[in-house]
$ cat structure37.cif   # mmCIF, C-alpha atoms and all ligand atoms
data_model
#
loop_
_atom_site.group_PDB
_atom_site.id
_atom_site.type_symbol
_atom_site.label_atom_id
_atom_site.label_comp_id
_atom_site.auth_asym_id
_atom_site.auth_seq_id
_atom_site.Cartn_x
_atom_site.Cartn_y
_atom_site.Cartn_z
ATOM 1 C CA MET A 14 -76.811 7.631 -12.162
ATOM 2 C CA HIS A 15 -76.885 9.855 -9.152
ATOM 3 C CA PHE A 16 -73.803 10.969 -7.231
ATOM 4 C CA HIS A 17 -73.586 12.879 -4.018
ATOM 5 C CA ARG A 18 -71.937 16.260 -4.587
ATOM 6 C CA TYR A 19 -68.933 15.326 -2.404
ATOM 7 C CA GLU A 20 -68.582 12.047 -4.216
ATOM 8 C CA LYS A 21 -68.121 13.986 -7.442
ATOM 9 C CA TYR A 22 -65.393 16.074 -5.793
ATOM 10 C CA TRP A 23 -63.223 13.143 -4.834
ATOM 11 C CA LEU A 24 -63.804 11.265 -8.072
ATOM 12 C CA ILE A 25 -62.608 14.301 -10.036
ATOM 13 C CA PHE A 26 -59.724 14.784 -7.587
ATOM 14 C CA GLY A 27 -58.701 11.125 -7.965
ATOM 15 C CA LEU A 28 -58.853 11.255 -11.745
ATOM 16 C CA CYS A 29 -56.822 14.481 -11.830
ATOM 17 C CA THR A 30 -54.041 13.057 -9.620
ATOM 18 C CA LEU A 31 -53.959 9.905 -11.769
ATOM 19 C CA VAL A 32 -53.577 12.007 -14.923
ATOM 20 C CA VAL A 33 -50.860 14.170 -13.283
ATOM 21 C CA PHE A 34 -48.895 11.139 -11.982
ATOM 22 C CA LEU A 35 -49.007 9.347 -15.336
ATOM 23 C CA THR A 36 -48.117 12.511 -17.267
ATOM 24 C CA ILE A 37 -45.049 13.224 -15.096
ATOM 25 C CA VAL A 38 -43.840 9.616 -15.272
ATOM 26 C CA GLY A 39 -44.620 9.404 -19.007
ATOM 27 C CA VAL A 40 -42.852 12.641 -19.944
ATOM 28 C CA ASN A 41 -39.789 11.701 -17.886
ATOM 29 C CA ALA A 42 -39.717 8.197 -19.351
ATOM 30 C CA PHE A 43 -40.004 9.216 -22.991
ATOM 31 C CA SER A 44 -38.082 12.505 -23.002
ATOM 32 C CA GLY A 45 -35.709 12.010 -20.073
ATOM 33 C CA GLY A 46 -35.073 8.319 -20.639
ATOM 34 C CA HIS A 47 -35.873 7.452 -17.045
ATOM 35 C CA GLN A 48 -36.631 3.779 -17.187
ATOM 36 C CA PRO A 49 -36.336 0.743 -14.987
ATOM 37 C CA PRO A 50 -33.547 -1.742 -15.759
ATOM 38 C CA THR A 51 -34.335 -3.649 -18.934
ATOM 39 C CA GLY A 52 -32.718 -6.175 -21.202
ATOM 40 C CA MET A 53 -33.917 -8.203 -24.154
ATOM 41 C CA MET A 54 -30.847 -10.428 -24.551
ATOM 42 C CA THR A 55 -31.209 -14.064 -23.605
ATOM 43 C CA LEU A 56 -28.578 -16.786 -23.372
ATOM 44 C CA ASP A 57 -28.132 -20.362 -22.266
ATOM 45 C CA PRO A 58 -27.440 -20.153 -18.512
ATOM 46 C CA THR A 59 -25.343 -23.341 -18.661
ATOM 47 C CA LYS A 60 -23.042 -21.807 -21.290
ATOM 48 C CA VAL A 61 -22.443 -18.379 -19.739
ATOM 49 C CA ASP A 62 -18.647 -18.810 -19.775
ATOM 50 C CA GLN A 63 -18.622 -19.489 -23.516
ATOM 51 C CA THR A 64 -21.134 -16.794 -24.515
ATOM 52 C CA PRO A 65 -19.747 -13.374 -25.412
ATOM 53 C CA PRO A 66 -19.432 -10.901 -23.775
ATOM 54 C CA PHE A 67 -19.437 -13.084 -20.643
ATOM 55 C CA ASP A 68 -16.537 -15.244 -21.838
ATOM 56 C CA GLN A 69 -14.420 -12.239 -20.819
ATOM 57 C CA PRO A 70 -16.202 -10.722 -17.834
ATOM 58 C CA GLY A 71 -15.091 -7.323 -16.611
ATOM 59 C CA LEU A 72 -14.899 -3.695 -17.604
ATOM 60 C CA LYS A 73 -14.655 -2.750 -21.277
ATOM 61 C CA LYS A 74 -14.129 0.728 -22.651
ATOM 62 C CA VAL A 75 -16.769 1.697 -25.179
ATOM 63 C CA ASP A 76 -15.745 5.299 -25.859
ATOM 64 C CA ASP A 77 -14.140 8.311 -24.161
ATOM 65 C CA ASN A 78 -16.249 8.288 -21.054
ATOM 66 C CA THR A 79 -18.431 5.230 -21.411
ATOM 67 C CA TYR A 80 -17.655 1.770 -20.118
ATOM 68 C CA GLU A 81 -19.430 -1.506 -20.281
ATOM 69 C CA ALA A 82 -19.286 -3.833 -17.284
ATOM 70 C CA ASN A 83 -20.148 -7.409 -18.241
ATOM 71 C CA LEU A 84 -20.585 -9.251 -14.975
ATOM 72 C CA ILE A 85 -21.675 -12.715 -13.938
ATOM 73 C CA ALA A 86 -23.665 -13.290 -10.778
ATOM 74 C CA MET A 87 -23.500 -16.690 -9.120
ATOM 75 C CA ALA A 88 -23.886 -18.283 -5.714
ATOM 76 C CA PHE A 89 -22.404 -16.453 -3.825
ATOM 77 C CA GLY A 90 -20.501 -13.696 -5.562
ATOM 78 C CA TYR A 91 -19.861 -11.792 -8.751
ATOM 79 C CA ASN A 92 -17.253 -12.290 -11.420
ATOM 80 C CA PRO A 93 -15.131 -10.189 -11.290
ATOM 81 C CA SER A 94 -15.502 -9.295 -7.622
ATOM 82 C CA LYS A 95 -13.909 -5.878 -8.056
ATOM 83 C CA ILE A 96 -13.777 -3.354 -10.876
ATOM 84 C CA GLU A 97 -12.070 0.025 -11.147
ATOM 85 C CA VAL A 98 -13.803 2.910 -12.823
ATOM 86 C CA PRO A 99 -12.446 6.448 -13.448
ATOM 87 C CA VAL A 100 -14.369 9.327 -11.867
ATOM 88 C CA GLY A 101 -17.115 10.731 -14.066
ATOM 89 C CA ALA A 102 -17.419 7.622 -16.194
ATOM 90 C CA LYS A 103 -20.746 6.288 -17.326
ATOM 91 C CA VAL A 104 -20.943 2.544 -16.801
ATOM 92 C CA ILE A 105 -23.447 0.288 -18.523
ATOM 93 C CA PHE A 106 -23.901 -2.850 -16.446
ATOM 94 C CA ASN A 107 -24.806 -6.040 -18.283
ATOM 95 C CA VAL A 108 -25.345 -8.749 -15.728
ATOM 96 C CA THR A 109 -26.497 -12.341 -16.016
ATOM 97 C CA SER A 110 -26.768 -15.276 -13.645
ATOM 98 C CA LYS A 111 -25.255 -18.752 -13.884
ATOM 99 C CA ASP A 112 -27.569 -20.420 -11.424
ATOM 100 C CA VAL A 113 -30.486 -18.896 -9.502
ATOM 101 C CA VAL A 114 -32.138 -15.506 -9.276
ATOM 102 C CA HIS A 115 -29.823 -12.862 -7.815
ATOM 103 C CA SER A 116 -29.846 -9.111 -7.792
ATOM 104 C CA PHE A 117 -27.390 -6.367 -8.559
ATOM 105 C CA THR A 118 -27.890 -3.441 -6.228
ATOM 106 C CA ILE A 119 -25.697 -0.420 -5.571
ATOM 107 C CA PRO A 120 -27.141 1.151 -2.390
ATOM 108 C CA GLY A 121 -27.843 4.873 -2.646
ATOM 109 C CA THR A 122 -28.239 4.774 -6.425
ATOM 110 C CA ASN A 123 -30.982 3.812 -8.849
ATOM 111 C CA VAL A 124 -29.050 0.701 -9.862
ATOM 112 C CA ASN A 125 -31.179 -2.092 -8.465
ATOM 113 C CA MET A 126 -32.071 -4.946 -10.763
ATOM 114 C CA MET A 127 -33.011 -8.576 -10.665
ATOM 115 C CA ILE A 128 -30.634 -11.018 -12.312
ATOM 116 C CA THR A 129 -32.442 -14.059 -13.683
ATOM 117 C CA PRO A 130 -30.631 -17.014 -15.278
ATOM 118 C CA GLY A 131 -31.026 -17.032 -19.042
ATOM 119 C CA HIS A 132 -31.463 -13.257 -19.234
ATOM 120 C CA VAL A 133 -29.133 -10.283 -19.354
ATOM 121 C CA ASN A 134 -30.347 -7.298 -17.394
ATOM 122 C CA THR A 135 -28.997 -3.827 -18.073
ATOM 123 C CA SER A 136 -28.731 -0.642 -16.052
ATOM 124 C CA GLU A 137 -26.428 2.345 -16.185
ATOM 125 C CA PHE A 138 -24.906 4.788 -13.758
ATOM 126 C CA SER A 139 -22.536 7.772 -13.931
ATOM 127 C CA PHE A 140 -19.960 7.657 -11.170
ATOM 128 C CA ASP A 141 -19.420 11.363 -10.497
ATOM 129 C CA LYS A 142 -18.095 10.960 -6.958
ATOM 130 C CA PRO A 143 -14.913 9.030 -6.153
ATOM 131 C CA GLY A 144 -15.003 6.306 -3.568
ATOM 132 C CA SER A 145 -15.682 2.672 -2.994
ATOM 133 C CA TYR A 146 -19.152 1.532 -4.009
ATOM 134 C CA LEU A 147 -20.602 -1.632 -2.562
ATOM 135 C CA VAL A 148 -22.701 -3.945 -4.710
ATOM 136 C CA LEU A 149 -25.124 -6.273 -2.963
ATOM 137 C CA CYS A 150 -27.433 -9.116 -3.840
ATOM 138 C CA ASN A 151 -30.879 -8.423 -2.442
ATOM 139 C CA GLU A 152 -32.673 -11.495 -3.750
ATOM 140 C CA TYR A 153 -32.362 -14.360 -1.305
ATOM 141 C CA CYS A 154 -30.312 -16.917 -3.251
ATOM 142 C CA GLY A 155 -29.149 -19.474 -0.683
ATOM 143 C CA SER A 156 -27.161 -20.049 2.466
ATOM 144 C CA GLY A 157 -24.360 -17.655 1.455
ATOM 145 C CA HIS A 158 -26.656 -14.861 0.303
ATOM 146 C CA HIS A 159 -25.495 -12.422 2.987
ATOM 147 C CA MET A 160 -21.891 -12.817 1.768
ATOM 148 C CA MET A 161 -22.687 -12.021 -1.847
ATOM 149 C CA GLN A 162 -21.127 -8.711 -2.765
ATOM 150 C CA MET A 163 -18.592 -6.934 -4.949
ATOM 151 C CA THR A 164 -16.971 -3.511 -4.980
ATOM 152 C CA ILE A 165 -16.625 -0.771 -7.550
ATOM 153 C CA GLU A 166 -13.626 1.463 -6.972
ATOM 154 C CA VAL A 167 -14.105 4.914 -8.442
ATOM 155 C CA LYS A 168 -10.818 6.808 -8.719
ATOM 156 C CA MET B 19 -92.563 13.124 20.241
ATOM 157 C CA ALA B 20 -89.389 14.326 21.884
ATOM 158 C CA GLN B 21 -86.389 14.803 19.651
ATOM 159 C CA LEU B 22 -82.792 14.828 20.786
ATOM 160 C CA PRO B 23 -81.163 18.088 19.691
ATOM 161 C CA HIS B 24 -78.428 16.472 17.561
ATOM 162 C CA GLN B 25 -80.836 14.323 15.569
ATOM 163 C CA PRO B 26 -82.280 16.211 12.632
ATOM 164 C CA ASN B 27 -85.766 15.338 11.577
ATOM 165 C CA ARG B 28 -85.343 13.277 8.435
ATOM 166 C CA ARG B 29 -88.973 12.427 7.772
ATOM 167 C CA PRO B 30 -89.781 13.386 4.186
ATOM 168 C CA VAL B 31 -92.362 16.048 3.749
ATOM 169 C CA ALA B 32 -95.424 14.884 1.930
ATOM 170 C CA ASN B 33 -95.750 15.732 -1.776
ATOM 171 C CA LYS B 34 -92.118 16.739 -1.969
ATOM 172 C CA LYS B 35 -89.521 14.630 -3.746
ATOM 173 C CA ILE B 36 -86.500 14.268 -1.532
ATOM 174 C CA ASN B 37 -83.388 12.366 -2.421
ATOM 175 C CA PRO B 38 -82.340 10.524 0.717
ATOM 176 C CA GLU B 39 -78.647 10.550 -0.354
ATOM 177 C CA GLU B 40 -78.492 14.298 -0.684
ATOM 178 C CA ASN B 41 -79.486 14.598 2.980
ATOM 179 C CA GLN B 42 -76.648 12.483 4.299
ATOM 180 C CA ASN B 43 -73.924 14.383 6.030
ATOM 181 C CA LEU B 44 -70.728 13.280 4.258
ATOM 182 C CA LYS B 45 -68.468 16.088 5.407
ATOM 183 C CA GLY B 46 -66.403 13.736 7.600
ATOM 184 C CA THR B 47 -66.055 11.290 4.713
ATOM 185 C CA LEU B 48 -64.940 14.117 2.437
ATOM 186 C CA VAL B 49 -62.259 15.223 4.898
ATOM 187 C CA ALA B 50 -61.095 11.613 5.427
ATOM 188 C CA VAL B 51 -60.890 10.865 1.705
ATOM 189 C CA PHE B 52 -58.927 14.029 0.981
ATOM 190 C CA THR B 53 -56.602 13.390 3.922
ATOM 191 C CA VAL B 54 -55.766 9.947 2.527
ATOM 192 C CA GLY B 55 -55.422 11.515 -0.934
ATOM 193 C CA PHE B 56 -52.907 14.099 0.230
ATOM 194 C CA ILE B 57 -50.920 11.457 2.155
ATOM 195 C CA ILE B 58 -50.706 9.401 -1.069
ATOM 196 C CA ILE B 59 -49.604 12.480 -3.024
ATOM 197 C CA ALA B 60 -46.940 13.332 -0.417
ATOM 198 C CA MET B 61 -45.579 9.776 -0.493
ATOM 199 C CA TRP B 62 -45.595 9.693 -4.285
ATOM 200 C CA VAL B 63 -43.791 13.043 -4.560
ATOM 201 C CA SER B 64 -41.140 12.073 -1.987
ATOM 202 C CA VAL B 65 -40.420 8.681 -3.576
ATOM 203 C CA TYR B 66 -40.343 10.146 -7.065
ATOM 204 C CA SER B 67 -38.043 13.009 -6.080
ATOM 205 C CA LEU B 68 -35.725 10.478 -4.383
ATOM 206 C CA PHE B 69 -35.598 8.600 -7.692
ATOM 207 C CA LEU B 70 -34.913 11.798 -9.638
ATOM 208 C CA SER B 71 -32.176 12.907 -7.210
ATOM 209 C CA ARG B 72 -30.328 9.645 -7.929
ATOM 210 C CA VAL B 73 -30.665 9.627 -11.717
HETATM 211 CU CU CU C 1 -27.381 -13.752 -4.791
#
$ encode --input "structure37.cif" --output "structure tokens"
Amino acid sequence: MHFHRYEKYWLIFGLCTLVVFLTIVGVNAFSGGHQPPTGMMTLDPTKVDQTPPFDQPGLKKVDDNTYEANLIAMAFGYNPSKIEVPVGAKVIFNVTSKDVVHSFTIPGTNVNMMITPGHVNTSEFSFDKPGSYLVLCNEYCGSGHHMMQMTIEVK
Amino acid sequence: MAQLPHQPNRRPVANKKINPEENQNLKGTLVAVFTVGFIIIAMWVSVYSLFLSRV
């Protein structure tokens, strides 16, 4: 097969950038643990209130500096609607939905995940700066979607 | 036959094998492709560094 000389240039250039992109993302994913929100746990969305850990939603201390926030998303809010976290704490968010697809998004951070009924999605964040963090739903979930929010107080 | 100055004579010379593709002027295409390529790289780098700054 014959290629024009210039055509070879941009094919090689394209392949090289592809290799570089994938290598950077791959190295950071496997050695730095940079991954999108994931979660393998499933549950019956009609029995969220009876299924641990969502029978007692809220913040739970795991160890010295690590907390687990088990939260329920529903139309149109989160349960609980406010949690308090000490400065510097690492929080693992486990969120599930009781009804339709919602999201759990903390603007200005990498916490931005879809919450689908029947699944538990997980993401984590270290709150190094004190303040009040807003959590929003960015998946349109119904007439009250724009009201759906909660706050994380970091003190 | 009169030739306009900006039109090169592309008639193949007899008894000489000429690849018609090699004669095409693709310099503009090359510049355009690399421009798009560098725009994609710049966008990728800025989005990825935004992600890393928030980790
Ligand atoms: Cu919602």
$ interface_residues --input "structure37.cif" --of "chain A" --to "chain B" --cutoff "8 Å" --atoms "all atoms listed in the file" --output "ChimeraX atom specification"
/A:17-20,23,27,30,47,121-123,138
$ closest_residue --input "structure37.cif" --among "A:Ala82, A:Leu28, A:Val114, A:Val133" --to "ligand CU 1 (chain C)" --atoms "all atoms listed in the file"
A:Val114
$ atom_distance --input "structure37.cif" --atom1 "CA of Asn78 in chain A" --atom2 "CA of Ser136 in chain A"
16.1 Å
$ closest_atom_pairs --input "structure37.cif" --of "chain A" --to "ligand CU 1 (chain C)" --cutoff "12 Å" --atoms "only C-alpha atoms and all ligand atoms" --output "CSV"
residue,atom,partner,partner_atom,distance
A:Ile85,CA,C:CU1,CU,10.8
A:Ala86,CA,C:CU1,CU,7.1
A:Met87,CA,C:CU1,CU,6.5
A:Ala88,CA,C:CU1,CU,5.8
A:Phe89,CA,C:CU1,CU,5.7
A:Gly90,CA,C:CU1,CU,6.9
A:Tyr91,CA,C:CU1,CU,8.7
A:Thr109,CA,C:CU1,CU,11.3
A:Ser110,CA,C:CU1,CU,9.0
A:Lys111,CA,C:CU1,CU,10.6
A:Asp112,CA,C:CU1,CU,9.4
A:Val113,CA,C:CU1,CU,7.6
A:Val114,CA,C:CU1,CU,6.8
A:His115,CA,C:CU1,CU,4.0
A:Ser116,CA,C:CU1,CU,6.1
A:Phe117,CA,C:CU1,CU,8.3
A:Thr118,CA,C:CU1,CU,10.4
A:Met126,CA,C:CU1,CU,11.6
A:Met127,CA,C:CU1,CU,9.6
A:Ile128,CA,C:CU1,CU,8.6
A:Thr129,CA,C:CU1,CU,10.2
A:Pro130,CA,C:CU1,CU,11.5
A:Val148,CA,C:CU1,CU,10.9
A:Leu149,CA,C:CU1,CU,8.0
A:Cys150,CA,C:CU1,CU,4.7
A:Asn151,CA,C:CU1,CU,6.8
A:Glu152,CA,C:CU1,CU,5.8
A:Tyr153,CA,C:CU1,CU,6.1
A:Cys154,CA,C:CU1,CU,4.6
A:Gly155,CA,C:CU1,CU,7.3
A:Ser156,CA,C:CU1,CU,9.6
A:Gly157,CA,C:CU1,CU,8.0
A:His158,CA,C:CU1,CU,5.3
A:His159,CA,C:CU1,CU,8.1
A:Met160,CA,C:CU1,CU,8.6
A:Met161,CA,C:CU1,CU,5.8
A:Gln162,CA,C:CU1,CU,8.3
A:Met163,CA,C:CU1,CU,11.1
$ write_last_selection --input "structure37.cif" --atoms "C-alpha atoms" --output "mmCIF file, in the coordinates of the input"
data_model
loop_
_atom_site.group_PDB
_atom_site.id
_atom_site.type_symbol
_atom_site.label_atom_id
_atom_site.label_comp_id
_atom_site.auth_asym_id
_atom_site.auth_seq_id
_atom_site.Cartn_x
_atom_site.Cartn_y
_atom_site.Cartn_z
ATOM 1 C CA ILE A 85 -21.675 -12.715 -13.938
ATOM 2 C CA ALA A 86 -23.665 -13.290 -10.778
ATOM 3 C CA MET A 87 -23.500 -16.690 -9.120
ATOM 4 C CA ALA A 88 -23.886 -18.283 -5.714
ATOM 5 C CA PHE A 89 -22.404 -16.453 -3.825
ATOM 6 C CA GLY A 90 -20.501 -13.696 -5.562
ATOM 7 C CA TYR A 91 -19.861 -11.792 -8.751
ATOM 8 C CA THR A 109 -26.497 -12.341 -16.016
ATOM 9 C CA SER A 110 -26.768 -15.276 -13.645
ATOM 10 C CA LYS A 111 -25.255 -18.752 -13.884
ATOM 11 C CA ASP A 112 -27.569 -20.420 -11.424
ATOM 12 C CA VAL A 113 -30.486 -18.896 -9.502
ATOM 13 C CA VAL A 114 -32.138 -15.506 -9.276
ATOM 14 C CA HIS A 115 -29.823 -12.862 -7.815
ATOM 15 C CA SER A 116 -29.846 -9.111 -7.792
ATOM 16 C CA PHE A 117 -27.390 -6.367 -8.559
ATOM 17 C CA THR A 118 -27.890 -3.441 -6.228
ATOM 18 C CA MET A 126 -32.071 -4.946 -10.763
ATOM 19 C CA MET A 127 -33.011 -8.576 -10.665
ATOM 20 C CA ILE A 128 -30.634 -11.018 -12.312
ATOM 21 C CA THR A 129 -32.442 -14.059 -13.683
ATOM 22 C CA PRO A 130 -30.631 -17.014 -15.278
ATOM 23 C CA VAL A 148 -22.701 -3.945 -4.710
ATOM 24 C CA LEU A 149 -25.124 -6.273 -2.963
ATOM 25 C CA CYS A 150 -27.433 -9.116 -3.840
ATOM 26 C CA ASN A 151 -30.879 -8.423 -2.442
ATOM 27 C CA GLU A 152 -32.673 -11.495 -3.750
ATOM 28 C CA TYR A 153 -32.362 -14.360 -1.305
ATOM 29 C CA CYS A 154 -30.312 -16.917 -3.251
ATOM 30 C CA GLY A 155 -29.149 -19.474 -0.683
ATOM 31 C CA SER A 156 -27.161 -20.049 2.466
ATOM 32 C CA GLY A 157 -24.360 -17.655 1.455
ATOM 33 C CA HIS A 158 -26.656 -14.861 0.303
ATOM 34 C CA HIS A 159 -25.495 -12.422 2.987
ATOM 35 C CA MET A 160 -21.891 -12.817 1.768
ATOM 36 C CA MET A 161 -22.687 -12.021 -1.847
ATOM 37 C CA GLN A 162 -21.127 -8.711 -2.765
ATOM 38 C CA MET A 163 -18.592 -6.934 -4.949
#
$ residues_around --input "structure37.cif" --residues "Gly71 in chain A" --least-positions-apart "5" --cutoff "7 Å" --atoms "all atoms listed in the file" --output "list of chain:residue names"
A:Ala82, A:Asn83, A:Leu84, A:Pro93
$ write_last_selection --input "structure37.cif" --atoms "C-alpha atoms" --output "PDB file, in the frame of the given file"
ATOM      1  CA  ALA A  82     -19.286  -3.833 -17.284  1.00  0.00           C
ATOM      2  CA  ASN A  83     -20.148  -7.409 -18.241  1.00  0.00           C
ATOM      3  CA  LEU A  84     -20.585  -9.251 -14.975  1.00  0.00           C
ATOM      4  CA  PRO A  93     -15.131 -10.189 -11.290  1.00  0.00           C
TER       5      PRO A  93
END
$ resolve_selection --input "structure37.cif" --expression "the PyMOL selection byres (((chain A and resi 144) around 9) and not hetatm)" --output "list in words"
Val100, Lys142, Pro143, Ser145, Tyr146, Ile165, Glu166, Val167 and Lys168 of chain A
$ build_atoms --input "structure37.cif" --residues "range 50-59 of chain B" --atoms "all heavy atoms" --output "JSON list (two decimals), in the coordinates of the input"
[["chain", "number", "residue", "atom", "x", "y", "z"],
["B", 50, "ALA", "N", -61.90, 12.83, 5.31],
["B", 50, "ALA", "CA", -61.10, 11.61, 5.43],
["B", 50, "ALA", "C", -60.51, 11.22, 4.08],
["B", 50, "ALA", "O", -59.32, 10.90, 3.98],
["B", 50, "ALA", "CB", -61.95, 10.48, 5.99],
["B", 51, "VAL", "N", -61.35, 11.26, 3.04],
["B", 51, "VAL", "CA", -60.89, 10.86, 1.70],
["B", 51, "VAL", "C", -59.78, 11.79, 1.22],
["B", 51, "VAL", "O", -58.76, 11.34, 0.70],
["B", 51, "VAL", "CB", -62.08, 10.85, 0.72],
["B", 51, "VAL", "CG1", -61.58, 10.79, -0.72],
["B", 51, "VAL", "CG2", -62.97, 9.67, 0.99],
["B", 52, "PHE", "N", -59.96, 13.10, 1.44],
["B", 52, "PHE", "CA", -58.93, 14.03, 0.98],
["B", 52, "PHE", "C", -57.65, 13.91, 1.81],
["B", 52, "PHE", "O", -56.56, 14.09, 1.28],
["B", 52, "PHE", "CB", -59.46, 15.47, 0.96],
["B", 52, "PHE", "CG", -60.14, 15.79, -0.35],
["B", 52, "PHE", "CD1", -61.47, 15.44, -0.56],
["B", 52, "PHE", "CD2", -59.44, 16.40, -1.37],
["B", 52, "PHE", "CE1", -62.09, 15.70, -1.78],
["B", 52, "PHE", "CE2", -60.05, 16.67, -2.59],
["B", 52, "PHE", "CZ", -61.38, 16.31, -2.79],
["B", 53, "THR", "N", -57.80, 13.60, 3.10],
["B", 53, "THR", "CA", -56.60, 13.39, 3.92],
["B", 53, "THR", "C", -55.78, 12.22, 3.37],
["B", 53, "THR", "O", -54.58, 12.34, 3.15],
["B", 53, "THR", "CB", -57.00, 13.10, 5.38],
["B", 53, "THR", "OG1", -57.87, 14.15, 5.81],
["B", 53, "THR", "CG2", -55.79, 13.04, 6.28],
["B", 54, "VAL", "N", -56.46, 11.10, 3.10],
["B", 54, "VAL", "CA", -55.77, 9.95, 2.53],
["B", 54, "VAL", "C", -55.15, 10.33, 1.18],
["B", 54, "VAL", "O", -54.00, 9.99, 0.88],
["B", 54, "VAL", "CB", -56.74, 8.75, 2.38],
["B", 54, "VAL", "CG1", -56.09, 7.61, 1.62],
["B", 54, "VAL", "CG2", -57.19, 8.26, 3.74],
["B", 55, "GLY", "N", -55.92, 11.07, 0.37],
["B", 55, "GLY", "CA", -55.42, 11.52, -0.93],
["B", 55, "GLY", "C", -54.14, 12.31, -0.83],
["B", 55, "GLY", "O", -53.19, 12.06, -1.55],
["B", 56, "PHE", "N", -54.11, 13.26, 0.11],
["B", 56, "PHE", "CA", -52.91, 14.10, 0.23],
["B", 56, "PHE", "C", -51.73, 13.31, 0.79],
["B", 56, "PHE", "O", -50.58, 13.57, 0.42],
["B", 56, "PHE", "CB", -53.20, 15.34, 1.07],
["B", 56, "PHE", "CG", -54.02, 16.36, 0.31],
["B", 56, "PHE", "CD1", -55.28, 16.77, 0.76],
["B", 56, "PHE", "CD2", -53.54, 16.91, -0.88],
["B", 56, "PHE", "CE1", -56.05, 17.67, 0.05],
["B", 56, "PHE", "CE2", -54.29, 17.83, -1.59],
["B", 56, "PHE", "CZ", -55.55, 18.21, -1.13],
["B", 57, "ILE", "N", -52.01, 12.33, 1.66],
["B", 57, "ILE", "CA", -50.92, 11.46, 2.15],
["B", 57, "ILE", "C", -50.32, 10.67, 0.99],
["B", 57, "ILE", "O", -49.10, 10.57, 0.85],
["B", 57, "ILE", "CB", -51.44, 10.50, 3.26],
["B", 57, "ILE", "CG1", -51.76, 11.30, 4.54],
["B", 57, "ILE", "CG2", -50.41, 9.42, 3.58],
["B", 57, "ILE", "CD1", -52.46, 10.49, 5.62],
["B", 58, "ILE", "N", -51.19, 10.15, 0.10],
["B", 58, "ILE", "CA", -50.71, 9.40, -1.07],
["B", 58, "ILE", "C", -49.87, 10.31, -1.96],
["B", 58, "ILE", "O", -48.79, 9.93, -2.42],
["B", 58, "ILE", "CB", -51.89, 8.79, -1.85],
["B", 58, "ILE", "CG1", -52.53, 7.67, -1.02],
["B", 58, "ILE", "CG2", -51.42, 8.22, -3.20],
["B", 58, "ILE", "CD1", -53.81, 7.11, -1.61],
["B", 59, "ILE", "N", -50.35, 11.54, -2.18],
["B", 59, "ILE", "CA", -49.60, 12.48, -3.02],
["B", 59, "ILE", "C", -48.24, 12.79, -2.41],
["B", 59, "ILE", "O", -47.21, 12.77, -3.08],
["B", 59, "ILE", "CB", -50.42, 13.77, -3.25],
["B", 59, "ILE", "CG1", -51.61, 13.46, -4.15],
["B", 59, "ILE", "CG2", -49.56, 14.87, -3.87],
["B", 59, "ILE", "CD1", -52.53, 14.63, -4.38]]
